[in-house]
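So this block is start_30.pdb, PDB, C-alpha atoms:
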```
ATOM      1  CA  MET A   1       1.338  25.467   9.611  1.00  0.00           C
ATOM      2  CA  ILE A   2       0.253  25.121   6.007  1.00  0.00           C
ATOM      3  CA  GLN A   3      -0.517  28.098   3.764  1.00  0.00           C
ATOM      4  CA  THR A   4      -1.580  26.321   0.588  1.00  0.00           C
ATOM      5  CA  ILE A   5      -1.900  22.668  -0.410  1.00  0.00           C
ATOM      6  CA  ILE A   6      -1.619  21.305  -3.914  1.00  0.00           C
ATOM      7  CA  GLY A   7      -3.086  17.808  -3.933  1.00  0.00           C
ATOM      8  CA  LEU A   8      -2.198  15.355  -6.709  1.00  0.00           C
ATOM      9  CA  CYS A   9      -4.538  12.552  -7.721  1.00  0.00           C
ATOM     10  CA  GLY A  10      -4.275   9.914 -10.423  1.00  0.00           C
ATOM     11  CA  LEU A  11      -3.818   6.229 -11.071  1.00  0.00           C
ATOM     12  CA  HIS A  12      -0.727   4.181 -10.141  1.00  0.00           C
ATOM     13  CA  GLY A  13       2.355   5.092 -12.166  1.00  0.00           C
ATOM     14  CA  CYS A  14       0.849   8.202 -13.772  1.00  0.00           C
ATOM     15  CA  GLY A  15       3.658  10.511 -12.604  1.00  0.00           C
ATOM     16  CA  LYS A  16       2.331  12.084  -9.377  1.00  0.00           C
ATOM     17  CA  SER A  17       5.668  11.842  -7.552  1.00  0.00           C
ATOM     18  CA  HIS A  18       7.606  13.243 -10.510  1.00  0.00           C
ATOM     19  CA  ILE A  19       5.226  16.190 -10.821  1.00  0.00           C
ATOM     20  CA  ALA A  20       5.352  16.777  -7.046  1.00  0.00           C
ATOM     21  CA  LYS A  21       9.142  16.962  -7.300  1.00  0.00           C
ATOM     22  CA  ARG A  22       8.976  19.464 -10.203  1.00  0.00           C
ATOM     23  CA  ILE A  23       6.415  21.607  -8.344  1.00  0.00           C
ATOM     24  CA  SER A  24       8.723  21.580  -5.335  1.00  0.00           C
ATOM     25  CA  GLU A  25      11.747  22.566  -7.422  1.00  0.00           C
ATOM     26  CA  LEU A  26       9.997  25.263  -9.476  1.00  0.00           C
ATOM     27  CA  LEU A  27       7.513  26.774  -7.014  1.00  0.00           C
ATOM     28  CA  GLY A  28       9.217  26.089  -3.686  1.00  0.00           C
ATOM     29  CA  TYR A  29       6.523  23.804  -2.279  1.00  0.00           C
ATOM     30  CA  GLU A  30       7.459  21.173   0.289  1.00  0.00           C
ATOM     31  CA  ILE A  31       6.448  17.618  -0.576  1.00  0.00           C
ATOM     32  CA  LEU A  32       4.283  15.759   1.902  1.00  0.00           C
ATOM     33  CA  ASN A  33       4.890  12.146   0.949  1.00  0.00           C
ATOM     34  CA  LYS A  34       1.818  10.429   2.354  1.00  0.00           C
ATOM     35  CA  ARG A  35       3.360   6.955   2.230  1.00  0.00           C
ATOM     36  CA  ALA A  36       6.461   8.112   4.136  1.00  0.00           C
ATOM     37  CA  TYR A  37       4.296   9.693   6.838  1.00  0.00           C
ATOM     38  CA  LEU A  38       2.249   6.519   7.184  1.00  0.00           C
ATOM     39  CA  GLN A  39       5.480   4.541   7.578  1.00  0.00           C
ATOM     40  CA  PHE A  40       6.664   7.062  10.189  1.00  0.00           C
ATOM     41  CA  LEU A  41       3.400   6.655  12.129  1.00  0.00           C
ATOM     42  CA  TYR A  42       3.686   2.863  11.839  1.00  0.00           C
ATOM     43  CA  LYS A  43       7.124   2.900  13.430  1.00  0.00           C
ATOM     44  CA  ARG A  44       5.849   5.182  16.188  1.00  0.00           C
ATOM     45  CA  TYR A  45       2.744   3.138  17.047  1.00  0.00           C
ATOM     46  CA  GLU A  46       4.131  -0.328  16.249  1.00  0.00           C
ATOM     47  CA  PRO A  47       7.865  -0.106  17.133  1.00  0.00           C
ATOM     48  CA  ASP A  48       8.296  -3.860  17.593  1.00  0.00           C
ATOM     49  CA  SER A  49       6.596  -4.859  14.337  1.00  0.00           C
ATOM     50  CA  LEU A  50       8.382  -5.999  11.225  1.00  0.00           C
ATOM     51  CA  ASP A  51       8.691  -3.649   8.238  1.00  0.00           C
ATOM     52  CA  GLU A  52       6.854  -6.086   5.974  1.00  0.00           C
ATOM     53  CA  ASP A  53       3.794  -5.843   8.268  1.00  0.00           C
ATOM     54  CA  TRP A  54       3.331  -2.124   7.716  1.00  0.00           C
ATOM     55  CA  GLU A  55       1.067  -2.431   4.644  1.00  0.00           C
ATOM     56  CA  ALA A  56      -1.394  -4.651   6.527  1.00  0.00           C
ATOM     57  CA  TRP A  57      -1.228  -2.174   9.430  1.00  0.00           C
ATOM     58  CA  TYR A  58      -2.082   0.869   7.340  1.00  0.00           C
ATOM     59  CA  ARG A  59      -4.852  -0.953   5.434  1.00  0.00           C
ATOM     60  CA  SER A  60      -6.495  -1.987   8.721  1.00  0.00           C
ATOM     61  CA  LEU A  61      -6.039   1.561  10.044  1.00  0.00           C
ATOM     62  CA  TYR A  62      -7.881   2.944   7.003  1.00  0.00           C
ATOM     63  CA  GLN A  63     -10.649   0.356   7.505  1.00  0.00           C
ATOM     64  CA  GLU A  64     -11.004   1.204  11.196  1.00  0.00           C
ATOM     65  CA  ARG A  65     -10.685   4.993  11.099  1.00  0.00           C
ATOM     66  CA  GLY A  66     -11.411   6.061   7.526  1.00  0.00           C
ATOM     67  CA  ALA A  67      -9.476   8.084   4.966  1.00  0.00           C
ATOM     68  CA  LYS A  68     -10.497  11.471   6.356  1.00  0.00           C
ATOM     69  CA  ASP A  69      -9.248  10.648   9.866  1.00  0.00           C
ATOM     70  CA  ILE A  70      -5.964   9.213   8.568  1.00  0.00           C
ATOM     71  CA  MET A  71      -5.323  12.292   6.390  1.00  0.00           C
ATOM     72  CA  GLY A  72      -6.041  14.423   9.466  1.00  0.00           C
ATOM     73  CA  MET A  73      -3.451  12.452  11.461  1.00  0.00           C
ATOM     74  CA  ILE A  74      -0.880  12.876   8.678  1.00  0.00           C
ATOM     75  CA  LEU A  75      -1.512  16.627   8.367  1.00  0.00           C
ATOM     76  CA  ASP A  76      -1.407  17.117  12.152  1.00  0.00           C
ATOM     77  CA  GLU A  77       1.943  15.323  12.358  1.00  0.00           C
ATOM     78  CA  TYR A  78       3.262  17.243   9.354  1.00  0.00           C
ATOM     79  CA  CYS A  79       2.281  20.587  10.925  1.00  0.00           C
ATOM     80  CA  LEU A  80       3.976  19.636  14.221  1.00  0.00           C
ATOM     81  CA  ILE A  81       7.205  18.865  12.385  1.00  0.00           C
ATOM     82  CA  ASN A  82       6.866  21.949  10.110  1.00  0.00           C
ATOM     83  CA  PRO A  83       5.420  24.752  12.300  1.00  0.00           C
ATOM     84  CA  VAL A  84       6.484  27.618   9.993  1.00  0.00           C
ATOM     85  CA  PRO A  85       3.860  28.603   7.374  1.00  0.00           C
ATOM     86  CA  HIS A  86       4.682  26.938   4.085  1.00  0.00           C
ATOM     87  CA  LEU A  87       3.398  25.754   0.746  1.00  0.00           C
ATOM     88  CA  THR A  88       2.801  22.005   0.480  1.00  0.00           C
ATOM     89  CA  VAL A  89       2.212  19.516  -2.313  1.00  0.00           C
ATOM     90  CA  VAL A  90       0.604  16.232  -1.210  1.00  0.00           C
ATOM     91  CA  ASP A  91       1.857  13.588  -3.619  1.00  0.00           C
ATOM     92  CA  ALA A  92      -1.139  11.240  -3.393  1.00  0.00           C
ATOM     93  CA  ILE A  93      -4.781  12.074  -2.746  1.00  0.00           C
ATOM     94  CA  HIS A  94      -6.667   8.803  -3.210  1.00  0.00           C
ATOM     95  CA  ASN A  95     -10.103   9.401  -1.754  1.00  0.00           C
ATOM     96  CA  ILE A  96     -12.769  12.079  -1.897  1.00  0.00           C
ATOM     97  CA  GLU A  97     -12.882  12.159   1.926  1.00  0.00           C
ATOM     98  CA  GLU A  98      -9.164  13.009   2.075  1.00  0.00           C
ATOM     99  CA  TRP A  99      -9.732  15.804  -0.420  1.00  0.00           C
ATOM    100  CA  LYS A 100     -12.788  17.163   1.436  1.00  0.00           C
ATOM    101  CA  LEU A 101     -10.708  17.456   4.625  1.00  0.00           C
ATOM    102  CA  ILE A 102      -7.984  19.402   2.813  1.00  0.00           C
ATOM    103  CA  LYS A 103     -10.396  21.542   0.783  1.00  0.00           C
ATOM    104  CA  ASP A 104     -12.393  22.531   3.878  1.00  0.00           C
ATOM    105  CA  ALA A 105      -9.349  23.359   6.032  1.00  0.00           C
ATOM    106  CA  TYR A 106      -6.798  24.929   3.674  1.00  0.00           C
ATOM    107  CA  ARG A 107      -6.410  27.078   0.597  1.00  0.00           C
ATOM    108  CA  SER A 108      -5.996  24.255  -1.890  1.00  0.00           C
ATOM    109  CA  ILE A 109      -6.187  22.955  -5.434  1.00  0.00           C
ATOM    110  CA  LEU A 110      -6.555  19.382  -6.664  1.00  0.00           C
ATOM    111  CA  ILE A 111      -4.586  18.425  -9.749  1.00  0.00           C
ATOM    112  CA  LEU A 112      -5.280  15.331 -11.824  1.00  0.00           C
ATOM    113  CA  VAL A 113      -2.207  13.591 -13.251  1.00  0.00           C
ATOM    114  CA  SER A 114      -2.851  11.262 -16.157  1.00  0.00           C
ATOM    115  CA  SER A 115      -0.734   8.983 -18.331  1.00  0.00           C
ATOM    116  CA  PRO A 116      -1.524   6.301 -20.920  1.00  0.00           C
ATOM    117  CA  GLN A 117      -2.101   2.814 -19.563  1.00  0.00           C
ATOM    118  CA  GLN A 118       0.959   1.274 -21.217  1.00  0.00           C
ATOM    119  CA  ILE A 119       3.297   3.918 -19.755  1.00  0.00           C
ATOM    120  CA  ARG A 120       1.789   3.506 -16.277  1.00  0.00           C
ATOM    121  CA  TYR A 121       2.185  -0.257 -16.461  1.00  0.00           C
ATOM    122  CA  GLU A 122       5.834   0.095 -17.481  1.00  0.00           C
ATOM    123  CA  ARG A 123       6.473   2.447 -14.541  1.00  0.00           C
ATOM    124  CA  HIS A 124       4.742   0.308 -11.952  1.00  0.00           C
ATOM    125  CA  PRO A 125       6.745  -2.594 -10.536  1.00  0.00           C
ATOM    126  CA  LYS A 126       3.859  -5.082 -10.535  1.00  0.00           C
ATOM    127  CA  PRO A 127       2.873  -7.263 -13.518  1.00  0.00           C
ATOM    128  CA  PRO A 128       0.087  -5.790 -15.709  1.00  0.00           C
ATOM    129  CA  CYS A 129      -2.619  -8.070 -14.283  1.00  0.00           C
ATOM    130  CA  ASP A 130      -1.896  -6.759 -10.760  1.00  0.00           C
ATOM    131  CA  THR A 131      -1.708  -3.200 -12.062  1.00  0.00           C
ATOM    132  CA  VAL A 132      -5.164  -3.492 -13.627  1.00  0.00           C
ATOM    133  CA  LYS A 133      -6.504  -4.578 -10.242  1.00  0.00           C
ATOM    134  CA  LEU A 134      -4.718  -1.652  -8.594  1.00  0.00           C
ATOM    135  CA  ASP A 135      -6.336   0.717 -11.103  1.00  0.00           C
ATOM    136  CA  GLN A 136      -9.767  -0.746 -10.431  1.00  0.00           C
ATOM    137  CA  ARG A 137      -9.262  -0.494  -6.684  1.00  0.00           C
ATOM    138  CA  ARG A 138      -8.013   3.118  -6.966  1.00  0.00           C
ATOM    139  CA  VAL A 139     -11.038   4.157  -9.028  1.00  0.00           C
ATOM    140  CA  ARG A 140     -13.435   2.452  -6.586  1.00  0.00           C
ATOM    141  CA  TYR A 141     -11.636   4.066  -3.643  1.00  0.00           C
ATOM    142  CA  GLY A 142     -11.857   7.475  -5.341  1.00  0.00           C
ATOM    143  CA  HIS A 143     -15.628   7.035  -5.329  1.00  0.00           C
ATOM    144  CA  ALA A 144     -15.928   5.672  -1.793  1.00  0.00           C
ATOM    145  CA  ASN A 145     -18.235   7.354   0.703  1.00  0.00           C
ATOM    146  CA  THR A 146     -19.526   9.916  -1.749  1.00  0.00           C
ATOM    147  CA  ASP A 147     -22.788  11.764  -1.835  1.00  0.00           C
ATOM    148  CA  ILE A 148     -24.583  13.181  -4.853  1.00  0.00           C
ATOM    149  CA  ASP A 149     -22.473  16.389  -4.882  1.00  0.00           C
ATOM    150  CA  ASP A 150     -19.085  14.653  -4.886  1.00  0.00           C
ATOM    151  CA  LEU A 151     -19.357  11.666  -7.199  1.00  0.00           C
ATOM    152  CA  CYS A 152     -15.717  11.312  -8.210  1.00  0.00           C
ATOM    153  CA  LEU A 153     -12.369  12.441  -6.827  1.00  0.00           C
ATOM    154  CA  PHE A 154     -10.942  12.966 -10.322  1.00  0.00           C
ATOM    155  CA  ALA A 155     -13.923  15.180 -11.241  1.00  0.00           C
ATOM    156  CA  GLN A 156     -12.977  17.507  -8.361  1.00  0.00           C
ATOM    157  CA  ALA A 157      -9.666  18.423 -10.073  1.00  0.00           C
ATOM    158  CA  GLU A 158      -9.246  22.067 -11.036  1.00  0.00           C
ATOM    159  CA  TRP A 159      -6.021  21.571 -13.023  1.00  0.00           C
ATOM    160  CA  ALA A 160      -4.430  18.669 -14.888  1.00  0.00           C
ATOM    161  CA  PHE A 161      -1.000  17.554 -15.999  1.00  0.00           C
ATOM    162  CA  SER A 162       0.067  14.814 -18.331  1.00  0.00           C
ATOM    163  CA  GLY A 163       2.513  12.478 -16.640  1.00  0.00           C
ATOM    164  CA  ILE A 164       4.359  12.047 -19.957  1.00  0.00           C
ATOM    165  CA  MET A 165       4.712  15.736 -20.807  1.00  0.00           C
ATOM    166  CA  PRO A 166       8.208  16.797 -22.002  1.00  0.00           C
ATOM    167  CA  HIS A 167      10.129  18.573 -19.213  1.00  0.00           C
ATOM    168  CA  GLU A 168      10.114  21.957 -20.948  1.00  0.00           C
ATOM    169  CA  LEU A 169       6.335  21.884 -21.396  1.00  0.00           C
ATOM    170  CA  LEU A 170       5.780  20.553 -17.872  1.00  0.00           C
ATOM    171  CA  ASP A 171       7.905  23.356 -16.432  1.00  0.00           C
ATOM    172  CA  LEU A 172       5.920  25.959 -18.401  1.00  0.00           C
ATOM    173  CA  SER A 173       2.671  24.429 -17.159  1.00  0.00           C
ATOM    174  CA  ILE A 174       3.871  24.374 -13.544  1.00  0.00           C
ATOM    175  CA  ASN A 175       4.988  28.000 -13.775  1.00  0.00           C
ATOM    176  CA  ALA A 176       1.548  28.884 -15.200  1.00  0.00           C
ATOM    177  CA  LEU A 177      -0.016  27.107 -12.203  1.00  0.00           C
ATOM    178  CA  GLY A 178       2.217  29.161  -9.890  1.00  0.00           C
ATOM    179  CA  GLN A 179       1.017  32.387 -11.523  1.00  0.00           C
ATOM    180  CA  TRP A 180      -2.588  31.268 -11.295  1.00  0.00           C
ATOM    181  CA  LEU A 181      -2.212  30.457  -7.582  1.00  0.00           C
ATOM    182  CA  LYS A 182      -0.951  33.982  -6.826  1.00  0.00           C
TER     183      LYS A 182
END
```

Can the structure from this file be put into structure tokens for me?
Amino acid sequence: MIQTIIGLCGLHGCGKSHIAKRISELLGYEILNKRAYLQFLYKRYEPDSLDEDWEAWYRSLYQERGAKDIMGMILDEYCLINPVPHLTVVDAIHNIEEWKLIKDAYRSILILVSSPQQIRYERHPKPPCDTVKLDQRRVRYGHANTDIDDLCLFAQAEWAFSGIMPHELLDLSINALGQWLK
């Protein structure tokens, strides 16, 4: 069972995972690593498949079922494994439909994580030309299936962090978020 969800959104390499880890350490939230849960589901539903096939599997799953349904599957599995009420930070919200599901079902806040392009490209393992395409795809995906009231996932954020903030300042900001959430 989930008490509160903090959802993190942002472009590739902006620092979402790092901030999720700091939120976990400072505020006691458990991290729901969406990618790890998708890999877990892949192994469950496709036990004989090769590990390198998993990305094609999850992309086709998203195409067939949609982001909202997949996020629902992940949250259902997460709640089965973690039945005690707890605080959760989801390290990657990529689509407005995922966020709508969370926002409608749980006490939640969406946080935008942002970092300069050059820093993000240095953090991401792909060459810059591929990273630009990833950014473009992420922005398009953040606008997918929207209506007039929900034009942009990033615009839904109620809080923001810089992914290049010094640790002392980040910790102060996270503690301020914790106070605000009380």

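Proximity to Leu177 of chain A at 12 Å, evaluated using all atoms listed in the file and with sequence-adjacent residues fewer than 5 positions away removed, yields Ile6, Arg22, Ile23, Leu26, Leu27, Ile109, Leu110, Ile111, Glu158, Trp159, Ala160, Phe161, Leu170, Asp171, Leu172 and Lys182 of chain A.
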
Could you state which residues are captured by the PyMOL selection byres ((chain A and resi 86) around 6) in this file, as a PyMOL selection string? chain A and resi 2-3+85+87

7 Å contact set for Tyr42 of chain A, only C-alpha atoms, chain neighbours under 4 positions out, as a ChimeraX atom specification: /A:38,46,54

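Around the point (-0.4, 8.4, -17.9), within 8 Å and counting all atoms listed in the file, we find these residues: A:Leu11, A:Gly13, A:Cys14, A:Gly15, A:Val113, A:Ser114, A:Ser115, A:Pro116, A:Gln117, A:Gln118, A:Ile119, A:Arg120, A:Ser162, A:Gly163, A:Ile164.
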
Atoms kept (C-alpha atoms) for selection, written as a PDB file, in the frame of the given file:
```pdb
ATOM      1  CA  LEU A  11      -3.818   6.229 -11.071  1.00  0.00           C
ATOM      2  CA  GLY A  13       2.355   5.092 -12.166  1.00  0.00           C
ATOM      3  CA  CYS A  14       0.849   8.202 -13.772  1.00  0.00           C
ATOM      4  CA  GLY A  15       3.658  10.511 -12.604  1.00  0.00           C
ATOM      5  CA  VAL A 113      -2.207  13.591 -13.251  1.00  0.00           C
ATOM      6  CA  SER A 114      -2.851  11.262 -16.157  1.00  0.00           C
ATOM      7  CA  SER A 115      -0.734   8.983 -18.331  1.00  0.00           C
ATOM      8  CA  PRO A 116      -1.524   6.301 -20.920  1.00  0.00           C
ATOM      9  CA  GLN A 117      -2.101   2.814 -19.563  1.00  0.00           C
ATOM     10  CA  GLN A 118       0.959   1.274 -21.217  1.00  0.00           C
ATOM     11  CA  ILE A 119       3.297   3.918 -19.755  1.00  0.00           C
ATOM     12  CA  ARG A 120       1.789   3.506 -16.277  1.00  0.00           C
ATOM     13  CA  SER A 162       0.067  14.814 -18.331  1.00  0.00           C
ATOM     14  CA  GLY A 163       2.513  12.478 -16.640  1.00  0.00           C
ATOM     15  CA  ILE A 164       4.359  12.047 -19.957  1.00  0.00           C
TER      16      ILE A 164
END
```

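Take atom CA of Leu8 of chain A and atom CA of Leu112 of chain A: the distance between them is 6.0 Å.
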
Nearest to Ile31 of chain A among A:Pro47, A:Pro166, A:Gly7, A:Gly178, with distances taken over all atoms listed in the file: which residue is it? A:Gly7

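Note that the spacing between atom CA of Lys103 of chain A and atom CA of Gln156 of chain A amounts to 10.3 Å.
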
Exercise: Leu75 of chain A partners within 10 Å, all atoms listed in the file, chain neighbours under 3 positions left out, as a PDB file with C-alpha atoms, in the coordinates of the input:
```pdb
ATOM      1  CA  MET A   1       1.338  25.467   9.611  1.00  0.00           C
ATOM      2  CA  ILE A   2       0.253  25.121   6.007  1.00  0.00           C
ATOM      3  CA  LEU A  32       4.283  15.759   1.902  1.00  0.00           C
ATOM      4  CA  LYS A  34       1.818  10.429   2.354  1.00  0.00           C
ATOM      5  CA  TYR A  37       4.296   9.693   6.838  1.00  0.00           C
ATOM      6  CA  ASP A  69      -9.248  10.648   9.866  1.00  0.00           C
ATOM      7  CA  ILE A  70      -5.964   9.213   8.568  1.00  0.00           C
ATOM      8  CA  MET A  71      -5.323  12.292   6.390  1.00  0.00           C
ATOM      9  CA  GLY A  72      -6.041  14.423   9.466  1.00  0.00           C
ATOM     10  CA  TYR A  78       3.262  17.243   9.354  1.00  0.00           C
ATOM     11  CA  CYS A  79       2.281  20.587  10.925  1.00  0.00           C
ATOM     12  CA  LEU A  80       3.976  19.636  14.221  1.00  0.00           C
ATOM     13  CA  ILE A  81       7.205  18.865  12.385  1.00  0.00           C
ATOM     14  CA  VAL A  90       0.604  16.232  -1.210  1.00  0.00           C
ATOM     15  CA  LEU A 101     -10.708  17.456   4.625  1.00  0.00           C
ATOM     16  CA  ILE A 102      -7.984  19.402   2.813  1.00  0.00           C
TER      17      ILE A 102
END
```

When you draw a straight line from atom CA of Glu30 of chain A to atom CA of Thr88 of chain A, how long is it in Å? 4.7 Å

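For the set A:Leu50, A:Ile19, A:Val89, A:Ile74, the residue with the smallest atom-to-atom gap to His167 of chain A is A:Ile19, counting all atoms listed in the file.
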
Give the answer as one residue: which of A:Asn82, A:His12, A:His18, A:Glu25 has the shortest atom-to-atom distance to Lys133 of chain A, using all atoms listed in the file? A:His12

Return as lines of an AutoDock Vina configuration file the centre and edge lengths, in Å with one decimal, of the box along x, y and z that encloses every atom of segment 28-34 of chain A in the file, padded by 4 Å per side.
```
center_x = 5.5
center_y = 18.3
center_z = -0.7
size_x = 15.4
size_y = 23.7
size_z = 14.0
```

Using the incomplete input, complete segment 156-172 of chain A to the level of N, CA and C atoms; output as a PDB file, keeping the file's coordinate frame.
```
ATOM      1  N   GLN A 156     -13.201  16.338  -9.220  1.00  0.00           N
ATOM      2  CA  GLN A 156     -12.977  17.507  -8.361  1.00  0.00           C
ATOM      3  C   GLN A 156     -11.749  18.309  -8.781  1.00  0.00           C
ATOM      4  N   ALA A 157     -10.911  17.760  -9.668  1.00  0.00           N
ATOM      5  CA  ALA A 157      -9.666  18.423 -10.073  1.00  0.00           C
ATOM      6  C   ALA A 157      -9.953  19.748 -10.768  1.00  0.00           C
ATOM      7  N   GLU A 158      -9.142  20.740 -10.430  1.00  0.00           N
ATOM      8  CA  GLU A 158      -9.246  22.067 -11.036  1.00  0.00           C
ATOM      9  C   GLU A 158      -8.132  22.317 -12.055  1.00  0.00           C
ATOM     10  N   TRP A 159      -7.177  21.422 -12.135  1.00  0.00           N
ATOM     11  CA  TRP A 159      -6.021  21.571 -13.023  1.00  0.00           C
ATOM     12  C   TRP A 159      -5.609  20.163 -13.400  1.00  0.00           C
ATOM     13  N   ALA A 160      -4.885  20.009 -14.487  1.00  0.00           N
ATOM     14  CA  ALA A 160      -4.430  18.669 -14.888  1.00  0.00           C
ATOM     15  C   ALA A 160      -3.057  18.758 -15.535  1.00  0.00           C
ATOM     16  N   PHE A 161      -2.294  17.711 -15.348  1.00  0.00           N
ATOM     17  CA  PHE A 161      -1.000  17.554 -15.999  1.00  0.00           C
ATOM     18  C   PHE A 161      -0.942  16.179 -16.642  1.00  0.00           C
ATOM     19  N   SER A 162      -0.250  16.103 -17.737  1.00  0.00           N
ATOM     20  CA  SER A 162       0.067  14.814 -18.331  1.00  0.00           C
ATOM     21  C   SER A 162       1.348  14.311 -17.684  1.00  0.00           C
ATOM     22  N   GLY A 163       1.332  13.070 -17.252  1.00  0.00           N
ATOM     23  CA  GLY A 163       2.513  12.478 -16.640  1.00  0.00           C
ATOM     24  C   GLY A 163       3.592  12.095 -17.641  1.00  0.00           C
ATOM     25  N   ILE A 164       3.347  12.340 -18.923  1.00  0.00           N
ATOM     26  CA  ILE A 164       4.359  12.047 -19.957  1.00  0.00           C
ATOM     27  C   ILE A 164       4.758  13.311 -20.723  1.00  0.00           C
ATOM     28  N   MET A 165       4.406  14.459 -20.182  1.00  0.00           N
ATOM     29  CA  MET A 165       4.712  15.736 -20.807  1.00  0.00           C
ATOM     30  C   MET A 165       6.228  15.952 -20.849  1.00  0.00           C
ATOM     31  N   PRO A 166       6.781  16.459 -21.976  1.00  0.00           N
ATOM     32  CA  PRO A 166       8.208  16.797 -22.002  1.00  0.00           C
ATOM     33  C   PRO A 166       8.537  17.809 -20.900  1.00  0.00           C
ATOM     34  N   HIS A 167       9.744  17.732 -20.351  1.00  0.00           N
ATOM     35  CA  HIS A 167      10.129  18.573 -19.213  1.00  0.00           C
ATOM     36  C   HIS A 167       9.919  20.061 -19.468  1.00  0.00           C
ATOM     37  N   GLU A 168      10.255  20.527 -20.649  1.00  0.00           N
ATOM     38  CA  GLU A 168      10.114  21.957 -20.948  1.00  0.00           C
ATOM     39  C   GLU A 168       8.646  22.382 -20.869  1.00  0.00           C
ATOM     40  N   LEU A 169       7.762  21.576 -21.422  1.00  0.00           N
ATOM     41  CA  LEU A 169       6.335  21.884 -21.396  1.00  0.00           C
ATOM     42  C   LEU A 169       5.766  21.742 -19.978  1.00  0.00           C
ATOM     43  N   LEU A 170       6.216  20.728 -19.253  1.00  0.00           N
ATOM     44  CA  LEU A 170       5.780  20.553 -17.872  1.00  0.00           C
ATOM     45  C   LEU A 170       6.189  21.759 -17.036  1.00  0.00           C
ATOM     46  N   ASP A 171       7.433  22.198 -17.197  1.00  0.00           N
ATOM     47  CA  ASP A 171       7.905  23.356 -16.432  1.00  0.00           C
ATOM     48  C   ASP A 171       7.096  24.606 -16.759  1.00  0.00           C
ATOM     49  N   LEU A 172       6.774  24.823 -18.024  1.00  0.00           N
ATOM     50  CA  LEU A 172       5.920  25.959 -18.401  1.00  0.00           C
ATOM     51  C   LEU A 172       4.549  25.845 -17.749  1.00  0.00           C
TER      52      LEU A 172
END
```
